[in-house]
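Let me begin by presenting the structure, written as structure tokens, before commenting on it.
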Amino acid sequence: MKERKIISIKCHKNNSGKIRIFGYEKLENGIYIGEFNRGKHSGKGTCYWNDGNIYKGNWVDGHLEGKGAFYRSDGTVLIMEYFFHERKHTIVKFKPDGTTEFKLCEHGSCVKSSDKAFR
């Protein structure tokens, strides 16, 4: 099993009295900065990959979960709503050339719409 390197941890209570744990972790291919729960990425966080890609959004048990934005190094932006355990997600893709795509996937089957659906 690969050893994980959580570098820094900071705890604080939010307005409702719940303790939040923040920190950053050096990954094999980047760095994660955000909330942790039981040593896993959980809550709001940002992952910066060495290839220039960035994901900002929600995490649960170390997986992308809920709403977030994925910024690709080629200029493409994906606005996502992702449900890992239910195996479904919705993605709106904004490409650098100005075109837009919409994709709805459930249990591996996807319905894709082109830019024309947004005009």
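Identifiers for the structure tokens are assigned positionally: chains receive A, B, ... in sequence, residues are indexed from 1 per chain, and ligands are indexed from 1 in the order shown.
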For the strand (DSSP E or B) assignment from backbone DSSP, which residues of chain A qualify? Please present them as number ranges by chain. A: 5-13, 19-27, 30-37, 40-49, 54-60, 63-71, 77-83, 88-94, 100-106, 109-113
Distance query Asp74 of chain A at most 9 Å, only C-alpha atoms, self and fewer than 6 positions along chain excluded, as a short mmCIF file (atom, residue, chain, number, x, y, z; two decimals) with C-alpha atoms, in the first residue's frame:
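Contents of out11.cif, freshly written:
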```
data_model
loop_
_atom_site.label_atom_id
_atom_site.label_comp_id
_atom_site.auth_asym_id
_atom_site.auth_seq_id
_atom_site.Cartn_x
_atom_site.Cartn_y
_atom_site.Cartn_z
CA GLY A 52 -1.68 22.12 -15.32
CA ASN A 53 -5.22 20.78 -14.78
CA LYS A 95 -14.18 24.95 -25.13
CA PRO A 96 -11.58 27.61 -25.97
#
```
Give me, as an mmCIF file with all heavy atoms, in the first residue's frame, all polymer residues having an atom no more than 12 Å from segment 61-71 of chain A, counting only C-alpha atoms and skipping those fewer than 6 positions away in the same chain.
```
data_model
loop_
_atom_site.group_PDB
_atom_site.id
_atom_site.type_symbol
_atom_site.label_atom_id
_atom_site.label_comp_id
_atom_site.auth_asym_id
_atom_site.auth_seq_id
_atom_site.Cartn_x
_atom_site.Cartn_y
_atom_site.Cartn_z
ATOM 1 N N GLU A 25 -2.067 18.013 0.910
ATOM 2 C CA GLU A 25 -1.438 16.713 0.748
ATOM 3 C C GLU A 25 -0.695 16.680 -0.572
ATOM 4 O O GLU A 25 -1.247 17.026 -1.619
ATOM 5 C CB GLU A 25 -2.497 15.611 0.760
ATOM 6 C CG GLU A 25 -1.939 14.236 0.511
ATOM 7 C CD GLU A 25 -2.993 13.148 0.528
ATOM 8 O OE1 GLU A 25 -4.194 13.444 0.450
ATOM 9 O OE2 GLU A 25 -2.595 11.982 0.611
ATOM 10 N N TYR A 32 -3.230 18.460 -3.274
ATOM 11 C CA TYR A 32 -4.611 18.725 -2.871
ATOM 12 C C TYR A 32 -4.570 19.701 -1.702
ATOM 13 O O TYR A 32 -3.794 19.514 -0.756
ATOM 14 C CB TYR A 32 -5.318 17.435 -2.442
ATOM 15 C CG TYR A 32 -6.656 17.677 -1.774
ATOM 16 C CD1 TYR A 32 -7.797 17.870 -2.532
ATOM 17 C CD2 TYR A 32 -6.759 17.740 -0.389
ATOM 18 C CE1 TYR A 32 -9.024 18.108 -1.920
ATOM 19 C CE2 TYR A 32 -7.981 17.973 0.228
ATOM 20 C CZ TYR A 32 -9.108 18.154 -0.542
ATOM 21 O OH TYR A 32 -10.315 18.392 0.057
ATOM 22 N N GLY A 34 -7.398 21.503 0.899
ATOM 23 C CA GLY A 34 -8.805 21.586 1.258
ATOM 24 C C GLY A 34 -9.139 20.850 2.530
ATOM 25 O O GLY A 34 -8.290 20.640 3.402
ATOM 26 N N GLU A 35 -10.402 20.439 2.614
ATOM 27 C CA GLU A 35 -10.914 19.789 3.822
ATOM 28 C C GLU A 35 -10.638 18.287 3.787
ATOM 29 O O GLU A 35 -10.595 17.676 2.718
ATOM 30 C CB GLU A 35 -12.412 20.041 3.948
ATOM 31 C CG GLU A 35 -12.747 21.505 4.135
ATOM 32 C CD GLU A 35 -14.232 21.752 4.249
ATOM 33 O OE1 GLU A 35 -15.009 21.196 3.457
ATOM 34 O OE2 GLU A 35 -14.620 22.513 5.144
ATOM 35 N N PHE A 36 -10.483 17.724 4.976
ATOM 36 C CA PHE A 36 -10.263 16.294 5.153
ATOM 37 C C PHE A 36 -11.272 15.758 6.162
ATOM 38 O O PHE A 36 -11.725 16.482 7.047
ATOM 39 C CB PHE A 36 -8.859 16.022 5.713
ATOM 40 C CG PHE A 36 -7.751 16.233 4.729
ATOM 41 C CD1 PHE A 36 -7.230 17.494 4.509
ATOM 42 C CD2 PHE A 36 -7.220 15.165 4.031
ATOM 43 C CE1 PHE A 36 -6.201 17.696 3.609
ATOM 44 C CE2 PHE A 36 -6.197 15.353 3.128
ATOM 45 C CZ PHE A 36 -5.678 16.624 2.916
ATOM 46 N N ASN A 37 -11.583 14.480 6.026
ATOM 47 C CA ASN A 37 -12.370 13.758 7.013
ATOM 48 C C ASN A 37 -11.813 12.343 7.062
ATOM 49 O O ASN A 37 -11.747 11.670 6.027
ATOM 50 C CB ASN A 37 -13.851 13.747 6.637
ATOM 51 C CG ASN A 37 -14.713 13.111 7.711
ATOM 52 O OD1 ASN A 37 -14.305 12.997 8.865
ATOM 53 N ND2 ASN A 37 -15.900 12.691 7.347
ATOM 54 N N ARG A 38 -11.366 11.914 8.217
ATOM 55 C CA ARG A 38 -10.769 10.591 8.408
ATOM 56 C C ARG A 38 -9.612 10.350 7.440
ATOM 57 O O ARG A 38 -9.470 9.260 6.876
ATOM 58 C CB ARG A 38 -11.828 9.503 8.263
ATOM 59 C CG ARG A 38 -12.895 9.577 9.315
ATOM 60 C CD ARG A 38 -13.856 8.405 9.217
ATOM 61 N NE ARG A 38 -14.879 8.552 10.218
ATOM 62 C CZ ARG A 38 -16.165 8.559 9.939
ATOM 63 N NH1 ARG A 38 -16.593 8.404 8.712
ATOM 64 N NH2 ARG A 38 -17.044 8.687 10.915
ATOM 65 N N GLY A 39 -8.814 11.399 7.199
ATOM 66 C CA GLY A 39 -7.635 11.270 6.355
ATOM 67 C C GLY A 39 -7.892 11.283 4.859
ATOM 68 O O GLY A 39 -6.972 11.099 4.077
ATOM 69 N N LYS A 40 -9.151 11.489 4.443
ATOM 70 C CA LYS A 40 -9.483 11.516 3.021
ATOM 71 C C LYS A 40 -9.986 12.897 2.630
ATOM 72 O O LYS A 40 -10.534 13.623 3.454
ATOM 73 C CB LYS A 40 -10.557 10.479 2.693
ATOM 74 C CG LYS A 40 -10.094 9.058 2.888
ATOM 75 C CD LYS A 40 -11.182 8.098 2.487
ATOM 76 C CE LYS A 40 -10.715 6.662 2.671
ATOM 77 N NZ LYS A 40 -11.762 5.717 2.303
ATOM 78 N N HIS A 41 -9.837 13.237 1.364
ATOM 79 C CA HIS A 41 -10.357 14.500 0.844
ATOM 80 C C HIS A 41 -11.874 14.467 0.988
ATOM 81 O O HIS A 41 -12.539 13.635 0.395
ATOM 82 C CB HIS A 41 -10.006 14.673 -0.636
ATOM 83 C CG HIS A 41 -8.565 14.457 -0.940
ATOM 84 N ND1 HIS A 41 -8.105 14.191 -2.201
ATOM 85 C CD2 HIS A 41 -7.469 14.466 -0.148
ATOM 86 C CE1 HIS A 41 -6.803 14.062 -2.183
ATOM 87 N NE2 HIS A 41 -6.389 14.212 -0.942
ATOM 88 N N SER A 42 -12.422 15.350 1.782
ATOM 89 C CA SER A 42 -13.874 15.409 2.007
ATOM 90 C C SER A 42 -14.252 16.848 2.324
ATOM 91 O O SER A 42 -13.657 17.474 3.201
ATOM 92 C CB SER A 42 -14.301 14.507 3.169
ATOM 93 O OG SER A 42 -14.237 13.153 2.802
ATOM 94 N N GLY A 43 -15.251 17.356 1.620
ATOM 95 C CA GLY A 43 -15.660 18.750 1.770
ATOM 96 C C GLY A 43 -15.194 19.538 0.565
ATOM 97 O O GLY A 43 -15.035 19.007 -0.523
ATOM 98 N N LYS A 44 -14.929 20.822 0.769
ATOM 99 C CA LYS A 44 -14.464 21.669 -0.326
ATOM 100 C C LYS A 44 -12.949 21.563 -0.456
ATOM 101 O O LYS A 44 -12.242 21.577 0.541
ATOM 102 C CB LYS A 44 -14.862 23.113 -0.082
ATOM 103 C CG LYS A 44 -16.363 23.332 -0.114
ATOM 104 C CD LYS A 44 -16.699 24.807 -0.045
ATOM 105 C CE LYS A 44 -18.173 25.049 0.099
ATOM 106 N NZ LYS A 44 -19.023 24.445 -0.861
ATOM 107 N N GLY A 45 -12.482 21.447 -1.707
ATOM 108 C CA GLY A 45 -11.047 21.343 -1.916
ATOM 109 C C GLY A 45 -10.664 21.605 -3.357
ATOM 110 O O GLY A 45 -11.505 21.606 -4.252
ATOM 111 N N THR A 46 -9.378 21.809 -3.551
ATOM 112 C CA THR A 46 -8.825 22.061 -4.877
ATOM 113 C C THR A 46 -7.651 21.125 -5.098
ATOM 114 O O THR A 46 -6.801 20.965 -4.218
ATOM 115 C CB THR A 46 -8.338 23.519 -4.991
ATOM 116 O OG1 THR A 46 -9.442 24.389 -4.705
ATOM 117 C CG2 THR A 46 -7.816 23.820 -6.382
ATOM 118 N N CYS A 47 -7.618 20.516 -6.281
ATOM 119 C CA CYS A 47 -6.502 19.655 -6.655
ATOM 120 C C CYS A 47 -5.790 20.296 -7.840
ATOM 121 O O CYS A 47 -6.423 20.645 -8.837
ATOM 122 C CB CYS A 47 -7.008 18.265 -7.020
ATOM 123 S SG CYS A 47 -5.679 17.060 -7.118
ATOM 124 N N TYR A 48 -4.487 20.487 -7.690
ATOM 125 C CA TYR A 48 -3.640 21.039 -8.740
ATOM 126 C C TYR A 48 -2.752 19.903 -9.250
ATOM 127 O O TYR A 48 -1.924 19.390 -8.491
ATOM 128 C CB TYR A 48 -2.745 22.154 -8.190
ATOM 129 C CG TYR A 48 -3.506 23.328 -7.624
ATOM 130 C CD1 TYR A 48 -3.879 23.353 -6.287
ATOM 131 C CD2 TYR A 48 -3.843 24.407 -8.434
ATOM 132 C CE1 TYR A 48 -4.572 24.439 -5.763
ATOM 133 C CE2 TYR A 48 -4.538 25.500 -7.914
ATOM 134 C CZ TYR A 48 -4.900 25.503 -6.576
ATOM 135 O OH TYR A 48 -5.593 26.566 -6.057
ATOM 136 N N TRP A 49 -2.941 19.493 -10.511
ATOM 137 C CA TRP A 49 -2.125 18.426 -11.073
ATOM 138 C C TRP A 49 -0.902 19.018 -11.754
ATOM 139 O O TRP A 49 -0.913 20.153 -12.238
ATOM 140 C CB TRP A 49 -2.941 17.596 -12.063
ATOM 141 C CG TRP A 49 -3.878 16.672 -11.379
ATOM 142 C CD1 TRP A 49 -3.589 15.456 -10.834
ATOM 143 C CD2 TRP A 49 -5.280 16.886 -11.135
ATOM 144 N NE1 TRP A 49 -4.731 14.907 -10.268
ATOM 145 C CE2 TRP A 49 -5.771 15.764 -10.446
ATOM 146 C CE3 TRP A 49 -6.161 17.923 -11.438
ATOM 147 C CZ2 TRP A 49 -7.095 15.633 -10.065
ATOM 148 C CZ3 TRP A 49 -7.488 17.800 -11.057
ATOM 149 C CH2 TRP A 49 -7.941 16.661 -10.376
ATOM 150 N N ASP A 51 0.246 18.489 -14.594
ATOM 151 C CA ASP A 51 0.048 18.774 -16.024
ATOM 152 C C ASP A 51 -0.687 20.094 -16.265
ATOM 153 O O ASP A 51 -0.975 20.462 -17.397
ATOM 154 C CB ASP A 51 -0.684 17.631 -16.712
ATOM 155 C CG ASP A 51 -2.076 17.378 -16.160
ATOM 156 O OD1 ASP A 51 -2.555 18.161 -15.306
ATOM 157 O OD2 ASP A 51 -2.694 16.383 -16.588
ATOM 158 N N GLY A 52 -1.023 20.829 -15.188
ATOM 159 C CA GLY A 52 -1.682 22.122 -15.324
ATOM 160 C C GLY A 52 -3.183 22.082 -15.133
ATOM 161 O O GLY A 52 -3.835 23.124 -15.073
ATOM 162 N N ASN A 53 -3.779 20.897 -15.028
ATOM 163 C CA ASN A 53 -5.218 20.783 -14.784
ATOM 164 C C ASN A 53 -5.520 21.098 -13.325
ATOM 165 O O ASN A 53 -4.724 20.804 -12.431
ATOM 166 C CB ASN A 53 -5.713 19.374 -15.113
ATOM 167 C CG ASN A 53 -5.633 19.062 -16.594
ATOM 168 O OD1 ASN A 53 -5.774 19.941 -17.435
ATOM 169 N ND2 ASN A 53 -5.395 17.805 -16.914
ATOM 170 N N ILE A 54 -6.710 21.693 -13.087
ATOM 171 C CA ILE A 54 -7.133 22.072 -11.734
ATOM 172 C C ILE A 54 -8.593 21.675 -11.551
ATOM 173 O O ILE A 54 -9.412 21.911 -12.436
ATOM 174 C CB ILE A 54 -7.008 23.598 -11.521
ATOM 175 C CG1 ILE A 54 -5.563 24.059 -11.713
ATOM 176 C CG2 ILE A 54 -7.526 23.998 -10.139
ATOM 177 C CD1 ILE A 54 -5.414 25.568 -11.787
ATOM 178 N N TYR A 55 -8.928 21.083 -10.403
ATOM 179 C CA TYR A 55 -10.327 20.819 -10.039
ATOM 180 C C TYR A 55 -10.614 21.548 -8.736
ATOM 181 O O TYR A 55 -9.881 21.387 -7.749
ATOM 182 C CB TYR A 55 -10.613 19.325 -9.862
ATOM 183 C CG TYR A 55 -11.996 19.081 -9.314
ATOM 184 C CD1 TYR A 55 -13.107 19.151 -10.149
ATOM 185 C CD2 TYR A 55 -12.199 18.840 -7.969
ATOM 186 C CE1 TYR A 55 -14.389 18.964 -9.645
ATOM 187 C CE2 TYR A 55 -13.479 18.655 -7.456
ATOM 188 C CZ TYR A 55 -14.561 18.715 -8.300
ATOM 189 O OH TYR A 55 -15.826 18.536 -7.799
ATOM 190 N N VAL A 77 -13.093 24.388 -19.900
ATOM 191 C CA VAL A 77 -13.633 24.420 -18.542
ATOM 192 C C VAL A 77 -14.837 23.489 -18.491
ATOM 193 O O VAL A 77 -15.733 23.570 -19.332
ATOM 194 C CB VAL A 77 -14.069 25.852 -18.142
ATOM 195 C CG1 VAL A 77 -14.689 25.849 -16.749
ATOM 196 C CG2 VAL A 77 -12.890 26.808 -18.202
ATOM 197 N N LEU A 78 -14.862 22.597 -17.512
ATOM 198 C CA LEU A 78 -15.980 21.683 -17.302
ATOM 199 C C LEU A 78 -16.681 22.069 -16.009
ATOM 200 O O LEU A 78 -16.053 22.094 -14.947
ATOM 201 C CB LEU A 78 -15.506 20.235 -17.195
ATOM 202 C CG LEU A 78 -14.633 19.703 -18.323
ATOM 203 C CD1 LEU A 78 -14.108 18.326 -17.977
ATOM 204 C CD2 LEU A 78 -15.407 19.660 -19.613
ATOM 205 N N ILE A 79 -17.959 22.398 -16.092
ATOM 206 C CA ILE A 79 -18.760 22.636 -14.899
ATOM 207 C C ILE A 79 -19.492 21.322 -14.642
ATOM 208 O O ILE A 79 -20.225 20.831 -15.498
ATOM 209 C CB ILE A 79 -19.754 23.798 -15.102
ATOM 210 C CG1 ILE A 79 -19.012 25.072 -15.542
ATOM 211 C CG2 ILE A 79 -20.574 24.037 -13.835
ATOM 212 C CD1 ILE A 79 -17.978 25.582 -14.570
ATOM 213 N N MET A 80 -19.271 20.741 -13.475
ATOM 214 C CA MET A 80 -19.707 19.369 -13.230
ATOM 215 C C MET A 80 -20.613 19.255 -12.013
ATOM 216 O O MET A 80 -20.478 20.000 -11.056
ATOM 217 C CB MET A 80 -18.478 18.477 -12.991
ATOM 218 C CG MET A 80 -17.454 18.547 -14.068
ATOM 219 S SD MET A 80 -15.842 17.816 -13.632
ATOM 220 C CE MET A 80 -16.239 16.338 -12.771
ATOM 221 N N GLU A 81 -21.486 18.275 -12.089
ATOM 222 C CA GLU A 81 -22.204 17.781 -10.910
ATOM 223 C C GLU A 81 -22.017 16.281 -10.981
ATOM 224 O O GLU A 81 -22.478 15.639 -11.912
ATOM 225 C CB GLU A 81 -23.665 18.178 -10.930
ATOM 226 C CG GLU A 81 -24.344 17.834 -9.629
ATOM 227 C CD GLU A 81 -25.683 18.513 -9.462
ATOM 228 O OE1 GLU A 81 -26.338 18.804 -10.470
ATOM 229 O OE2 GLU A 81 -26.073 18.744 -8.317
ATOM 230 N N TYR A 82 -21.292 15.729 -10.026
ATOM 231 C CA TYR A 82 -20.820 14.350 -10.102
ATOM 232 C C TYR A 82 -21.266 13.578 -8.871
ATOM 233 O O TYR A 82 -21.110 14.065 -7.750
ATOM 234 C CB TYR A 82 -19.292 14.360 -10.189
ATOM 235 C CG TYR A 82 -18.686 13.059 -10.625
ATOM 236 C CD1 TYR A 82 -18.595 12.734 -11.968
ATOM 237 C CD2 TYR A 82 -18.208 12.160 -9.696
ATOM 238 C CE1 TYR A 82 -18.028 11.550 -12.372
ATOM 239 C CE2 TYR A 82 -17.646 10.962 -10.083
ATOM 240 C CZ TYR A 82 -17.551 10.654 -11.429
ATOM 241 O OH TYR A 82 -17.006 9.466 -11.815
ATOM 242 N N PHE A 83 -21.818 12.396 -9.091
ATOM 243 C CA PHE A 83 -22.262 11.536 -7.993
ATOM 244 C C PHE A 83 -21.560 10.193 -8.132
ATOM 245 O O PHE A 83 -22.010 9.317 -8.857
ATOM 246 C CB PHE A 83 -23.783 11.384 -8.006
ATOM 247 C CG PHE A 83 -24.485 12.710 -7.884
ATOM 248 C CD1 PHE A 83 -24.972 13.370 -8.997
ATOM 249 C CD2 PHE A 83 -24.614 13.319 -6.646
ATOM 250 C CE1 PHE A 83 -25.585 14.598 -8.891
ATOM 251 C CE2 PHE A 83 -25.224 14.558 -6.529
ATOM 252 C CZ PHE A 83 -25.716 15.196 -7.650
ATOM 253 N N PHE A 84 -20.419 10.051 -7.468
ATOM 254 C CA PHE A 84 -19.550 8.887 -7.613
ATOM 255 C C PHE A 84 -20.269 7.576 -7.302
ATOM 256 O O PHE A 84 -20.238 6.638 -8.085
ATOM 257 C CB PHE A 84 -18.317 9.041 -6.710
ATOM 258 C CG PHE A 84 -17.382 7.876 -6.759
ATOM 259 C CD1 PHE A 84 -16.519 7.725 -7.826
ATOM 260 C CD2 PHE A 84 -17.377 6.933 -5.746
ATOM 261 C CE1 PHE A 84 -15.665 6.641 -7.890
ATOM 262 C CE2 PHE A 84 -16.517 5.853 -5.798
ATOM 263 C CZ PHE A 84 -15.660 5.704 -6.870
ATOM 264 N N HIS A 85 -20.922 7.497 -6.157
ATOM 265 C CA HIS A 85 -21.534 6.234 -5.727
ATOM 266 C C HIS A 85 -22.776 5.881 -6.545
ATOM 267 O O HIS A 85 -23.124 4.715 -6.658
ATOM 268 C CB HIS A 85 -21.844 6.274 -4.228
ATOM 269 C CG HIS A 85 -20.603 6.377 -3.396
ATOM 270 N ND1 HIS A 85 -19.709 5.352 -3.252
ATOM 271 C CD2 HIS A 85 -20.081 7.411 -2.697
ATOM 272 C CE1 HIS A 85 -18.704 5.727 -2.498
ATOM 273 N NE2 HIS A 85 -18.912 6.987 -2.141
ATOM 274 N N GLU A 86 -23.442 6.885 -7.118
ATOM 275 C CA GLU A 86 -24.620 6.619 -7.951
ATOM 276 C C GLU A 86 -24.238 6.420 -9.423
ATOM 277 O O GLU A 86 -25.095 6.114 -10.242
ATOM 278 C CB GLU A 86 -25.614 7.783 -7.840
ATOM 279 C CG GLU A 86 -26.177 7.930 -6.445
ATOM 280 C CD GLU A 86 -27.089 9.140 -6.344
ATOM 281 O OE1 GLU A 86 -27.716 9.507 -7.353
ATOM 282 O OE2 GLU A 86 -27.171 9.702 -5.246
ATOM 283 N N ARG A 87 -22.940 6.612 -9.734
ATOM 284 C CA ARG A 87 -22.420 6.465 -11.095
ATOM 285 C C ARG A 87 -23.182 7.322 -12.100
ATOM 286 O O ARG A 87 -23.574 6.858 -13.160
ATOM 287 C CB ARG A 87 -22.426 4.997 -11.512
ATOM 288 C CG ARG A 87 -21.462 4.153 -10.718
ATOM 289 C CD ARG A 87 -21.393 2.732 -11.193
ATOM 290 N NE ARG A 87 -21.119 2.647 -12.613
ATOM 291 C CZ ARG A 87 -21.656 1.741 -13.425
ATOM 292 N NH1 ARG A 87 -22.475 0.847 -12.969
ATOM 293 N NH2 ARG A 87 -21.359 1.722 -14.704
ATOM 294 N N LYS A 88 -23.397 8.593 -11.751
ATOM 295 C CA LYS A 88 -24.007 9.498 -12.719
ATOM 296 C C LYS A 88 -23.392 10.894 -12.569
ATOM 297 O O LYS A 88 -22.915 11.257 -11.505
ATOM 298 C CB LYS A 88 -25.519 9.551 -12.582
ATOM 299 C CG LYS A 88 -26.046 10.119 -11.293
ATOM 300 C CD LYS A 88 -27.563 10.066 -11.296
ATOM 301 C CE LYS A 88 -28.138 10.686 -10.048
ATOM 302 N NZ LYS A 88 -29.592 10.660 -10.035
ATOM 303 N N HIS A 89 -23.379 11.614 -13.695
ATOM 304 C CA HIS A 89 -22.838 12.962 -13.659
ATOM 305 C C HIS A 89 -23.393 13.789 -14.811
ATOM 306 O O HIS A 89 -23.875 13.278 -15.801
ATOM 307 C CB HIS A 89 -21.308 12.963 -13.684
ATOM 308 C CG HIS A 89 -20.698 12.331 -14.892
ATOM 309 N ND1 HIS A 89 -20.472 10.976 -14.994
ATOM 310 C CD2 HIS A 89 -20.282 12.867 -16.054
ATOM 311 C CE1 HIS A 89 -19.926 10.706 -16.154
ATOM 312 N NE2 HIS A 89 -19.796 11.839 -16.832
ATOM 313 N N THR A 90 -23.338 15.094 -14.617
ATOM 314 C CA THR A 90 -23.743 16.070 -15.615
ATOM 315 C C THR A 90 -22.548 16.980 -15.841
ATOM 316 O O THR A 90 -21.928 17.428 -14.876
ATOM 317 C CB THR A 90 -24.928 16.909 -15.112
ATOM 318 O OG1 THR A 90 -25.986 16.030 -14.733
ATOM 319 C CG2 THR A 90 -25.423 17.857 -16.187
ATOM 320 N N ILE A 91 -22.234 17.238 -17.106
ATOM 321 C CA ILE A 91 -21.099 18.097 -17.426
ATOM 322 C C ILE A 91 -21.495 19.092 -18.507
ATOM 323 O O ILE A 91 -22.090 18.719 -19.514
ATOM 324 C CB ILE A 91 -19.893 17.274 -17.936
ATOM 325 C CG1 ILE A 91 -19.405 16.320 -16.852
ATOM 326 C CG2 ILE A 91 -18.759 18.193 -18.401
ATOM 327 C CD1 ILE A 91 -18.307 15.378 -17.307
ATOM 328 N N VAL A 92 -21.179 20.353 -18.285
ATOM 329 C CA VAL A 92 -21.264 21.368 -19.328
ATOM 330 C C VAL A 92 -19.819 21.735 -19.646
ATOM 331 O O VAL A 92 -19.064 22.132 -18.766
ATOM 332 C CB VAL A 92 -22.053 22.612 -18.887
ATOM 333 C CG1 VAL A 92 -22.088 23.640 -20.011
ATOM 334 C CG2 VAL A 92 -23.467 22.230 -18.471
ATOM 335 N N LYS A 93 -19.435 21.556 -20.926
ATOM 336 C CA LYS A 93 -18.054 21.804 -21.355
ATOM 337 C C LYS A 93 -17.989 23.082 -22.187
ATOM 338 O O LYS A 93 -18.692 23.220 -23.178
ATOM 339 C CB LYS A 93 -17.561 20.629 -22.201
ATOM 340 C CG LYS A 93 -16.115 20.774 -22.671
ATOM 341 C CD LYS A 93 -15.740 19.721 -23.714
ATOM 342 C CE LYS A 93 -15.569 18.366 -23.099
ATOM 343 N NZ LYS A 93 -15.040 17.375 -24.070
ATOM 344 N N PHE A 94 -17.150 24.007 -21.741
ATOM 345 C CA PHE A 94 -16.905 25.249 -22.469
ATOM 346 C C PHE A 94 -15.519 25.144 -23.082
ATOM 347 O O PHE A 94 -14.523 25.096 -22.359
ATOM 348 C CB PHE A 94 -16.979 26.457 -21.523
ATOM 349 C CG PHE A 94 -18.309 26.611 -20.858
ATOM 350 C CD1 PHE A 94 -18.535 26.085 -19.598
ATOM 351 C CD2 PHE A 94 -19.355 27.261 -21.500
ATOM 352 C CE1 PHE A 94 -19.771 26.212 -18.978
ATOM 353 C CE2 PHE A 94 -20.587 27.401 -20.892
ATOM 354 C CZ PHE A 94 -20.804 26.868 -19.626
ATOM 355 N N LYS A 95 -15.454 25.117 -24.434
ATOM 356 C CA LYS A 95 -14.181 24.952 -25.127
ATOM 357 C C LYS A 95 -13.574 26.313 -25.473
ATOM 358 O O LYS A 95 -14.295 27.299 -25.626
ATOM 359 C CB LYS A 95 -14.391 24.139 -26.403
ATOM 360 C CG LYS A 95 -14.880 22.730 -26.159
ATOM 361 C CD LYS A 95 -15.047 22.024 -27.475
ATOM 362 C CE LYS A 95 -15.584 20.620 -27.288
ATOM 363 N NZ LYS A 95 -15.764 19.950 -28.581
ATOM 364 N N PRO A 96 -12.242 26.351 -25.636
ATOM 365 C CA PRO A 96 -11.577 27.615 -25.974
ATOM 366 C C PRO A 96 -12.070 28.228 -27.291
ATOM 367 O O PRO A 96 -12.008 29.438 -27.465
ATOM 368 C CB PRO A 96 -10.099 27.227 -26.087
ATOM 369 C CG PRO A 96 -9.959 25.975 -25.314
ATOM 370 C CD PRO A 96 -11.285 25.283 -25.414
#
```
Grab the atom CA of Thr76 of chain A to atom CA of Glu101 of chain A distance for me, in Å with one decimal place.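 Going from atom CA of Thr76 of chain A over to atom CA of Glu101 of chain A covers 10.9 Å.
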Among listed residues A:Val111, A:Cys105, A:Val60, A:Ile9, nearest Ile21 of chain A (using only C-alpha atoms):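 Checking each of A:Val111, A:Cys105, A:Val60, A:Ile9 against Ile21 of chain A, counting only C-alpha atoms, the winner is A:Ile9.
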re atom CA of Thr99 of chain A and atom CA of Lys56 of chain A: distance 22.1 Å
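The gap separating atom CA of Gly30 of chain A from atom CA of Gly75 of chain A is 18.6 Å, in Å to one decimal.
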